[in-house]
Amino acid sequence: MTASTMAPSTLVTTEKVITSFDPPSTIADAAIGVRDGLIDWVGPKDAAPVDRYEQIVRLPGTALPGLVDAHVHLSFDPDVADPISDALDSVRARVTQTIESNGRRFLERGVTTVRDLGSMRGVVLEAGRGLGKGRWLGPRIVAADQPITRPQGHAWRIGIQSDSVTSAQAAVRDLFDRGAGVVKIMVTGGRMTVGTDPLTVEFPSQLIAAVVDAAHDVGLSVAAHCLSVAGIRAALSAQVDSIEHGTFIGPNGLGCDEETVERLAQEIAQSGTYLCPTINADYPGRHPIPFEQRLRWVNILHRAGVKVIVGNDTGIPGLPPDLYPGALRALESAGMNSAQVLHSATALASQALGLGRDSGTLAPGLAADLIVVEGDPLADLRVLSVPALVMVGGRTVAGSRT
Ligand SMILES: [Zn+2]
């Protein structure tokens, strides 16, 4: 990252560093050395090679890996009722402003990486390139660019519409050539698109499988929008890499029975597929499934060993980046302990985004994407709401103490 090369080498000292969460690994009276965008030293403060750094930042509290939001739409303005129309009607400059504003708001919440799962053509990829050139400050972005959808299917106005294996394969190659870092496919309809149904599986199984194969051939993972039980089953048998929303809407349009969720949870766990439940304690939303029931299903998934990752669907109406901490509290309410929640928000989510070798924990050689918070997040997740320091690639980008 060019932006980070301007950052001075820094030693950050804190009362405590949590380097990873599975299991929690903590160093008391610790220091983290950061140079050229990477972590180059972690350990007890007393042993730190102080002379090697141009500056020392001393903070109370706890340092931990930067957080991830695995399901966002940076180009959607959460303050408008119909963000897709808004985005299409606006000039690109206006959409770019929205992306940058959402990005900055994520940084203020300690989110150092996001996965953007659907935008109009090119805008988020272009913003990602702008980040690399230091043109603006935001979280790292893994972007799907346009989602693949059926003709007139969910989000078709921004998507690539496909109704054949050949056109779906061509869509994946085109997205890859344009710089997409993940492929998004709308396996079921969605609630935000008139004329589509969250229950219906929109593609024949061979088309979904063709998308997965084409994506894997070029090293991309596939994130599948699936609201219904039928959609989850179709996505699983096509071996997608992550299930988005996964709300288990049953054939009656309401929740399905718990046994079905239990059984599917076992299958998802065995397949190793990630599940991003896009659930947020501060955003009850307009959902056919009651919030309490959705929590219960996350509980079942987690207990079955499913790799649940944090993602909000940020950008949909009424869900700005500022609400990020509500996603962590929702997982806690679903019965995950704070270390498990933070593992889902850091290392596990990084792995889902294909960044597991670069970030998600604090260790020499990894990206210096980290936050410092006052207090202990393992004792109380609420301390994460206003980080004292946020670094992306060794560069201080936000924080109440900066
Ligand atoms: Zn979404």
# chains A, B, ... in the order shown; residues from 1 in each chain; ligands from 1
$ residues_near_ligand --ligand "ligand 1" --cutoff "12 Å" --atoms "only C-alpha atoms and all ligand atoms" --output "PyMOL selection string"
chain A and resi 69-76+83-84+115-119+143-147+154-155+184-186+189-193+223-227+243-246+276-279+311-317+319
$ select_by_dssp --residues "region 82-260 of chain A" --states "alpha helix (DSSP H)" --output "count of residues only"
73
$ atom_distance --atom1 "CA of Pro377 (chain A)" --atom2 "CA of Val308 (chain A)"
19.1 Å
$ closest_residue --among "A:Ile158, A:Ala171, A:Ala87, A:Leu323" --to "Asp282 (chain A)" --atoms "only C-alpha atoms"
A:Leu323
$ residues_around --residues "region 328-342 of chain A" --least-positions-apart "5" --cutoff "9 Å" --atoms "only C-alpha atoms" --output "VMD selection string"
chain A and resid 20 to 24 67 279 to 282 292 294 to 300 302 to 303 308 to 310 347 to 348 377 to 382
$ residues_around --residues "Arg140 (chain A)" --least-positions-apart "2" --cutoff "9 Å" --atoms "only C-alpha atoms" --output "list in words"
Thr112, Thr113, Val114, Arg115, Gly128, Leu131, Gly132, Gly138, Val142 and Val392 of chain A
$ write_last_selection --atoms "C-alpha atoms" --output "PDB file, in the first residue's frame"
ATOM      1  CA  THR A 112      -9.912  -2.330   8.869  1.00  0.00           C
ATOM      2  CA  THR A 113     -11.199  -4.722   6.172  1.00  0.00           C
ATOM      3  CA  VAL A 114     -14.544  -5.082   4.403  1.00  0.00           C
ATOM      4  CA  ARG A 115     -15.901  -7.403   1.762  1.00  0.00           C
ATOM      5  CA  GLY A 128     -10.116   0.140  -3.915  1.00  0.00           C
ATOM      6  CA  LEU A 131      -6.933   3.383  -1.607  1.00  0.00           C
ATOM      7  CA  GLY A 132      -3.825   1.649  -2.892  1.00  0.00           C
ATOM      8  CA  GLY A 138     -10.522   3.569   4.173  1.00  0.00           C
ATOM      9  CA  VAL A 142     -12.301  -7.176  -1.173  1.00  0.00           C
ATOM     10  CA  VAL A 392      -4.375   0.097   8.525  1.00  0.00           C
TER      11      VAL A 392
END
$ closest_atom_pairs --of "region 332-364 of chain A" --to "region 32-46 of chain A" --cutoff "12 Å" --atoms "only C-alpha atoms" --output "JSON lines"
{"residue": "A:Asp358", "atom": "CA", "partner": "A:Leu38", "partner_atom": "CA", "distance": 9.3}
{"residue": "A:Ser359", "atom": "CA", "partner": "A:Leu38", "partner_atom": "CA", "distance": 9.6}
{"residue": "A:Gly360", "atom": "CA", "partner": "A:Ile39", "partner_atom": "CA", "distance": 12.0}
{"residue": "A:Thr361", "atom": "CA", "partner": "A:Ile39", "partner_atom": "CA", "distance": 10.2}
{"residue": "A:Leu362", "atom": "CA", "partner": "A:Ile39", "partner_atom": "CA", "distance": 7.2}
{"residue": "A:Ala363", "atom": "CA", "partner": "A:Ile39", "partner_atom": "CA", "distance": 6.3}
{"residue": "A:Pro364", "atom": "CA", "partner": "A:Asp40", "partner_atom": "CA", "distance": 4.5}
$ residues_around --residues "region 207-219 of chain A" --least-positions-apart "2" --cutoff "10 Å" --atoms "only C-alpha atoms" --output "PyMOL selection string"
chain A and resi 148+162-173+175-177+181-187+202-205+221-224+234-241+354
$ write_last_selection --atoms "N, CA and C atoms" --output "short mmCIF file (atom, residue, chain, number, x, y, z; two decimals), in the first residue's frame"
data_model
loop_
_atom_site.label_atom_id
_atom_site.label_comp_id
_atom_site.auth_asym_id
_atom_site.auth_seq_id
_atom_site.Cartn_x
_atom_site.Cartn_y
_atom_site.Cartn_z
N ILE A 148 -23.81 -11.65 -9.73
CA ILE A 148 -24.42 -12.44 -10.81
C ILE A 148 -25.84 -12.80 -10.39
N SER A 162 -27.70 -13.41 -15.87
CA SER A 162 -27.27 -14.62 -16.58
C SER A 162 -28.34 -15.68 -16.49
N ASP A 163 -28.54 -16.40 -17.61
CA ASP A 163 -29.49 -17.51 -17.57
C ASP A 163 -28.92 -18.75 -18.24
N SER A 164 -27.59 -18.79 -18.39
CA SER A 164 -26.99 -19.99 -18.98
C SER A 164 -25.61 -20.20 -18.37
N VAL A 165 -25.18 -21.46 -18.42
CA VAL A 165 -23.86 -21.79 -17.90
C VAL A 165 -22.78 -20.98 -18.62
N THR A 166 -22.91 -20.86 -19.94
CA THR A 166 -21.88 -20.14 -20.71
C THR A 166 -21.80 -18.68 -20.30
N SER A 167 -22.96 -18.02 -20.17
CA SER A 167 -22.91 -16.59 -19.82
C SER A 167 -22.45 -16.42 -18.37
N ALA A 168 -22.76 -17.38 -17.50
CA ALA A 168 -22.30 -17.28 -16.11
C ALA A 168 -20.78 -17.42 -16.03
N GLN A 169 -20.23 -18.37 -16.83
CA GLN A 169 -18.77 -18.53 -16.84
C GLN A 169 -18.09 -17.27 -17.38
N ALA A 170 -18.70 -16.71 -18.43
CA ALA A 170 -18.13 -15.48 -19.01
C ALA A 170 -18.20 -14.34 -17.99
N ALA A 171 -19.28 -14.29 -17.22
CA ALA A 171 -19.42 -13.23 -16.21
C ALA A 171 -18.30 -13.34 -15.17
N VAL A 172 -18.01 -14.57 -14.74
CA VAL A 172 -16.95 -14.74 -13.73
C VAL A 172 -15.60 -14.28 -14.30
N ARG A 173 -15.31 -14.68 -15.54
CA ARG A 173 -14.02 -14.29 -16.14
C ARG A 173 -13.93 -12.77 -16.28
N LEU A 175 -15.49 -10.49 -14.46
CA LEU A 175 -15.32 -9.89 -13.12
C LEU A 175 -13.87 -10.03 -12.67
N PHE A 176 -13.30 -11.22 -12.89
CA PHE A 176 -11.91 -11.46 -12.49
C PHE A 176 -10.98 -10.50 -13.24
N ASP A 177 -11.20 -10.38 -14.56
CA ASP A 177 -10.35 -9.49 -15.36
C ASP A 177 -10.44 -8.05 -14.88
N GLY A 181 -12.42 -9.45 -6.27
CA GLY A 181 -11.69 -10.31 -5.34
C GLY A 181 -12.56 -11.43 -4.78
N VAL A 182 -13.82 -11.47 -5.21
CA VAL A 182 -14.77 -12.48 -4.77
C VAL A 182 -15.93 -12.43 -5.77
N VAL A 183 -16.65 -13.54 -5.90
CA VAL A 183 -17.82 -13.55 -6.79
C VAL A 183 -19.08 -13.67 -5.94
N LYS A 184 -20.05 -12.81 -6.20
CA LYS A 184 -21.33 -12.87 -5.48
C LYS A 184 -22.39 -13.41 -6.43
N ILE A 185 -23.14 -14.40 -5.96
CA ILE A 185 -24.24 -14.93 -6.78
C ILE A 185 -25.53 -14.88 -5.97
N MET A 186 -26.59 -14.42 -6.62
CA MET A 186 -27.90 -14.33 -5.97
C MET A 186 -28.64 -15.64 -6.18
N VAL A 187 -28.46 -16.57 -5.25
CA VAL A 187 -29.08 -17.89 -5.41
C VAL A 187 -30.58 -17.83 -5.21
N GLU A 202 -33.14 -19.37 -7.74
CA GLU A 202 -33.23 -18.66 -9.02
C GLU A 202 -32.46 -19.31 -10.15
N PHE A 203 -31.56 -20.23 -9.81
CA PHE A 203 -30.71 -20.82 -10.85
C PHE A 203 -30.78 -22.34 -10.79
N PRO A 204 -30.65 -23.01 -11.94
CA PRO A 204 -30.48 -24.46 -11.90
C PRO A 204 -29.14 -24.79 -11.25
N SER A 205 -29.08 -25.98 -10.65
CA SER A 205 -27.88 -26.31 -9.87
C SER A 205 -26.61 -26.30 -10.73
N SER A 221 -13.24 -16.87 -4.43
CA SER A 221 -14.27 -17.60 -3.69
C SER A 221 -15.64 -17.08 -4.12
N VAL A 222 -16.67 -17.85 -3.77
CA VAL A 222 -18.04 -17.50 -4.16
C VAL A 222 -18.89 -17.29 -2.91
N ALA A 223 -19.50 -16.11 -2.83
CA ALA A 223 -20.43 -15.79 -1.74
C ALA A 223 -21.84 -15.85 -2.31
N ALA A 224 -22.69 -16.66 -1.67
CA ALA A 224 -24.02 -16.90 -2.22
C ALA A 224 -25.10 -16.28 -1.34
N ALA A 234 -29.27 -25.55 -2.16
CA ALA A 234 -28.74 -25.45 -3.53
C ALA A 234 -27.30 -24.93 -3.50
N ALA A 235 -27.06 -23.92 -2.64
CA ALA A 235 -25.71 -23.33 -2.56
C ALA A 235 -24.72 -24.35 -2.01
N LEU A 236 -25.16 -25.09 -1.00
CA LEU A 236 -24.28 -26.09 -0.38
C LEU A 236 -23.89 -27.17 -1.38
N SER A 237 -24.89 -27.64 -2.14
CA SER A 237 -24.54 -28.74 -3.04
C SER A 237 -23.67 -28.25 -4.19
N ALA A 238 -23.71 -26.96 -4.48
CA ALA A 238 -22.80 -26.41 -5.50
C ALA A 238 -21.43 -26.06 -4.91
N GLN A 239 -21.29 -26.26 -3.60
CA GLN A 239 -20.01 -26.02 -2.90
C GLN A 239 -19.54 -24.57 -2.96
N VAL A 240 -20.47 -23.66 -2.70
CA VAL A 240 -20.07 -22.26 -2.59
C VAL A 240 -19.19 -22.10 -1.35
N ASP A 241 -18.48 -20.98 -1.26
CA ASP A 241 -17.56 -20.78 -0.14
C ASP A 241 -18.21 -20.10 1.05
N GLY A 354 -10.02 -14.67 2.09
CA GLY A 354 -8.78 -15.05 1.41
C GLY A 354 -7.58 -14.26 1.88
#
